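**Student:** Below: one structure in C-alpha cells.
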Amino acid sequence: MDTFRWMSTVFSMILGLGVARILASAVAALRARRRASLDWLPLAWAFFIFAQQLTLWWSLEDLANLSTHWTYFQFLILVTLVLTLFVAAASVLPPNEIAAGESLRRFFDEDGRFGLLALAAFNVTALAVNHVFWSPAPLTFADAINVLLIAVPVIGFFGTRQVQVAATLAYAVGMVVAIALLSPQSY
C-alpha cells in the first residue's frame, strides 16, 4: 500500500496539472467571448476530458487495493494513462486568451483537434490497463465502451465539421454510459 501511495502522488500531480490547465484554458476562452468567436465543440471536448480526469482520479482508489507488489511496467502503464489525459487537456483549448478577431473554432481545427488523438490514446491505454490489472475475458462490455471511446475521437479528428458534431454527441453518450456503469460508485 505504501508503494501505491507514492505512485498515486505522481498520478495526482499530473492529473492536477491537467485539471488546472483545462480549467484555466476554459476560463481564458470564456473571458475572450466578447472580442473573439467561441465554439461549443472544443468546449464540449474540454468538458469530456475534464470529466475523464475526475473519473480517473476517483478510480485510483480501486487500484490501491489491487496489489501489494507493484512493478515498474505497471507504474509506466499508469503514468502513460495520466500523461495521455494531460496531453489531451493541454491540447484541446488554447493556452491563453484568444486575441481579438480570432476564433476558437479555427484554433480547434488547426491545433485543438490533436487533443482528440490524445484522448483516443488515453482510452487505448485504459483498455490495456483493464487487461493488465483486471484480466477480463476478451470482448467484455467495458471493452466495447472503450473501443467506442477510442474510435469516436479519431473519427472526430479526421472528420468534417458535421462528423465532428456527430462524434461529439456519440462521445457524450459513451462517456455517460462508461461513468455510470464502469466507475466505482463509492468507496
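Ordered as shown in the C-alpha cells, chains take letters A, B, and onward, while each chain numbers its residues from 1 and ligands are numbered from 1 in the order shown.
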Might you pull out every residue within 8 Å of Met175 of chain A, with only C-alpha atoms counted and same-chain residues fewer than 4 positions away left off, and present them as a list of chain:residue names?
**Tutor:** A:Phe48, A:Leu149, A:Tyr171, A:Ile179
**Student:** Excluding Leu23 of chain A and residues on its chain fewer than 5 positions from it, collect all residues at most 12 Å away from it, counting only C-alpha atoms, and give them as a list of chain:residue names.
**Tutor:**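 The contact residues come out as A:Gly16, A:Leu17, A:Gly18, A:Ala28, A:Ala29, A:Leu30, A:Leu43, A:Ala46, A:Phe47, A:Ile49, A:Phe50, A:Ala51, A:Gln53, A:Ala89, A:Ala90, A:Val92, A:Leu93, A:Pro94, A:Pro95, A:Asn96.
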**Student:** Can you spit out the residues from that selection as a tab-separated table (two decimals), in the first residue's frame, using C-alpha atoms?
**Tutor:**
chain	number	residue	atom	x	y	z
A	16	GLY	CA	-3.88	18.09	-11.02
A	17	LEU	CA	-1.78	19.86	-13.64
A	18	GLY	CA	-4.17	18.67	-16.35
A	28	ALA	CA	-9.47	32.21	-20.76
A	29	ALA	CA	-11.78	31.22	-23.63
A	30	LEU	CA	-14.84	32.49	-21.78
A	43	LEU	CA	-15.57	23.38	-25.11
A	46	ALA	CA	-12.71	20.03	-22.92
A	47	PHE	CA	-15.60	19.12	-20.62
A	49	ILE	CA	-11.57	15.49	-20.84
A	50	PHE	CA	-12.24	17.19	-17.51
A	51	ALA	CA	-14.85	14.54	-16.64
A	53	GLN	CA	-9.75	13.38	-15.35
A	89	ALA	CA	-6.20	18.58	-21.66
A	90	ALA	CA	-3.27	20.73	-22.75
A	92	VAL	CA	-7.87	20.87	-26.86
A	93	LEU	CA	-8.13	24.56	-25.89
A	94	PRO	CA	-5.69	27.44	-26.45
A	95	PRO	CA	-3.35	28.05	-23.51
A	96	ASN	CA	-4.02	31.80	-23.48
**Student:** From a backbone DSSP assignment, name each residue in chain A labelled alpha helix (DSSP H), as a ChimeraX atom specification.
**Tutor:** /A:2-31,40-64,72-92,104-107,114-129,141-158,161-182
**Student:** Counting only C-alpha atoms, which residue out of A:Val176, A:Leu83, A:Ala88, A:Leu104 sits closest to Arg33 of chain A?
**Tutor:**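 Looking at the shortest contact to Arg33 of chain A, the residue is A:Leu104.
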